[in-house]
Every structure is written in structure tokens, then in C-alpha cells.
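Note sheet for the following structure.
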Amino acid sequence: MSAEEHSSFIQTPQQLVVVVLLAFLVPVFGILMIVHLVVDRPRADPAAMTPEAIAARIQPLGRVEFVDAGRAAAGARSGEEVVKAVCAACHATGVAGAPKIGDKAAWAPLIRRGLDKMLAVAITGEKAMPPRGGAPDLTDLELARAIVFMANQSGGNLKEPAEAAAKPAAKK
Ligand code: HEC
């Protein structure tokens, strides 16, 4: 074995400078990268931290949404649609004394009193019947149509009010 094999691979002052610099910089970079990894965690998308986004994430499960967003453009809903979406919750089964759809005996006196009277009660609510069936976005026309639909399923023969007949929506 020659002496040369044991000699350092650093042969010149320049090589020495490079090695010293690397010996210093490589660990520093390593530390910087580790620090960066720990300190600069990937941050949450700022859009996900807006109050709206948070509210949407933490909203309770099973929220009942009576308001149909696409409805304004679609125009007034039919009585059947309103009944299915809103009124049936109580009137399909007769919850809390609600006149049950199809129960002729329950509806007959109401029908005799007339649509206007029923509409007035449905708008303001009465006992367990919430105002507008609990869907304040319903227009008078939609309410009237819903009442006509339920009454006509229950022995009535009411005429559905036409769109034009609706007064300028007397919403609350
Ligand atoms: C939360 C349950 C509930 C919902 C939802 C509901 N109703 Fe009722 N409704 C009742 C109850 C209870 C009564 C009986 C009130 C009473 O005892 O006078 C009633 C009574 C009525 C009456 C009879 C009013 C009268 O002249 O005495 C009409 C008409 C009516 N509801 C229409 C509707 C329509 C239309 C909807 C949907 C838009 C609706 N209801 C949704 C519970 C409900």
C-alpha cells in the first residue's frame, strides 16, 4: 500500500475551502429544512375559513329546508308540490288534530266555510297549525292552491285560484 492511498483527497487549498464550506452549509440547510417542515405546516385553504364555509361545515345534520332556491325563477308552485313539501308533514297523518287529507268528515265543515276562510286561517295559523304551514316563503297563491289540493282530496270540489287572481303577494 502506498502512502498516497492514505492521503486526504483534499489536495489543494481550494478543495479545502470547498469542503469546509460544505461541511458548514449542508447541516445548516438540513436544519433549515427540518425547521421549515415543522413551523410552516401546510395551512388551511383561506376560503375554507370564511364564516360561511365554517357555518356550512358545522351546520346541524337533518336540517329541514322548506325554501326551494330555484323556485323564484320557476314561478308559483302547484298545490300538490306545496302539500307534499310542507303541509303533508302534518296533514297526511293528522298530527296534532290537523284535518287529515282524505278525511271527508274533517274537511266538510271547512270546505263549507269556504276557501277564503281556510286561507285566512292558514296564513295566520291556528293552534297547532303554524302560520303558512311553517313555510313563510309561501305566497298566498301557493297556500290557496295547497288548500284546494288537500280539500279536493278530501271530498271537496274547489276551483284552484288562477295565477292572475293572486293579490300582490301579501307576504309578511
Ligand atoms: C305542523 C303541522 C302542520 C303543518 C306543517 C300544516 N298544518 Fe295545517 N293544520 C294543522 C293543524 C294542527 C290544524 C288544525 C288547527 C285547529 O285545530 O284549528 C290545521 C288546520 C289547517 C286548515 C284548516 C283551517 C281552518 O279553516 O280551520 C287548513 C286550511 C290548513 N291547515 C292548511 C295547511 C296548509 C295549506 C299547509 C301547508 C302549506 C299546512 N296546513 C301545514 C297543522 C299543520
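To be explicit about the labels: the chains of the C-alpha cells are called A, B, and onward in the order shown, and within each one the residues are counted from 1, while ligands get numbers from 1 in the order they are shown.
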Any residue with an atom at most 9 Å from ligand 1 counts, using only C-alpha atoms and all ligand atoms. Which are they? Put them as a count of residues only. 55
If you run DSSP over the backbone, which residues in range 26-172 of chain A end up alpha helix (DSSP H)? Put them as a PyMOL selection string. chain A and resi 26-39+51-57+71-74+79-82+88-91+104-113+115-124+140-152
For those residues, write C-alpha atoms to a file as a short mmCIF file (atom, residue, chain, number, x, y, z; two decimals), in the first residue's frame.
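Saved to out18.cif:
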```cif
data_model
loop_
_atom_site.label_atom_id
_atom_site.label_comp_id
_atom_site.auth_asym_id
_atom_site.auth_seq_id
_atom_site.Cartn_x
_atom_site.Cartn_y
_atom_site.Cartn_z
CA VAL A 26 -25.02 21.10 4.46
CA PRO A 27 -26.05 20.70 8.12
CA VAL A 28 -27.35 24.27 8.18
CA PHE A 29 -29.56 23.56 5.18
CA GLY A 30 -30.67 20.33 6.75
CA ILE A 31 -31.67 22.12 9.93
CA LEU A 32 -33.40 24.87 7.98
CA MET A 33 -35.44 22.32 6.08
CA ILE A 34 -36.46 20.50 9.25
CA VAL A 35 -37.42 23.78 10.91
CA HIS A 36 -39.36 24.74 7.82
CA LEU A 37 -41.17 21.43 7.88
CA VAL A 38 -42.20 21.85 11.49
CA VAL A 39 -43.01 25.54 11.54
CA PRO A 51 -67.66 32.31 8.32
CA GLU A 52 -69.91 30.97 5.57
CA ALA A 53 -67.71 27.96 4.94
CA ILE A 54 -67.43 27.25 8.64
CA ALA A 55 -71.17 27.57 9.11
CA ALA A 56 -71.70 25.20 6.21
CA ARG A 57 -69.31 22.67 7.73
CA ARG A 71 -88.26 28.41 -7.05
CA ALA A 72 -88.29 32.16 -7.70
CA ALA A 73 -87.44 31.55 -11.32
CA ALA A 74 -89.80 28.62 -11.64
CA GLY A 79 -100.81 22.93 -4.73
CA GLU A 80 -99.65 19.36 -4.93
CA GLU A 81 -95.99 20.38 -4.73
CA VAL A 82 -96.60 22.60 -1.70
CA ALA A 88 -98.21 16.74 4.32
CA ALA A 89 -95.88 16.69 7.31
CA CYS A 90 -98.98 17.17 9.44
CA HIS A 91 -101.96 16.85 7.17
CA LYS A 104 -114.04 13.95 4.32
CA ALA A 105 -115.74 14.42 7.66
CA ALA A 106 -112.93 16.63 8.91
CA TRP A 107 -112.79 18.75 5.78
CA ALA A 108 -116.50 19.10 5.02
CA PRO A 109 -117.19 21.90 7.53
CA LEU A 110 -114.02 23.69 6.50
CA ILE A 111 -114.91 23.43 2.82
CA ARG A 112 -118.40 24.71 3.59
CA ARG A 113 -116.92 27.78 5.24
CA LEU A 115 -111.53 28.78 0.71
CA ASP A 116 -111.16 32.39 1.84
CA LYS A 117 -111.78 31.45 5.47
CA MET A 118 -109.41 28.50 5.30
CA LEU A 119 -106.81 30.64 3.60
CA ALA A 120 -107.10 33.29 6.30
CA VAL A 121 -106.56 30.65 8.98
CA ALA A 122 -103.68 29.09 7.06
CA ILE A 123 -101.97 32.49 6.71
CA THR A 124 -102.16 33.41 10.36
CA ASP A 140 -100.97 33.39 -0.70
CA LEU A 141 -101.50 31.81 -4.10
CA GLU A 142 -99.39 28.80 -3.25
CA LEU A 143 -101.13 28.44 0.10
CA ALA A 144 -104.53 28.66 -1.56
CA ARG A 145 -103.56 26.07 -4.13
CA ALA A 146 -102.30 23.77 -1.40
CA ILE A 147 -105.57 24.13 0.49
CA VAL A 148 -107.57 23.45 -2.67
CA PHE A 149 -105.44 20.40 -3.36
CA MET A 150 -105.95 18.99 0.12
CA ALA A 151 -109.66 19.87 0.20
CA ASN A 152 -110.27 18.27 -3.18
#
```
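With only C-alpha atoms as the basis for measurement, A:Ser154 is the residue among A:Gln59, A:Asp40, A:Ser154, A:Gln11 that approaches Ile101 in chain A most closely.
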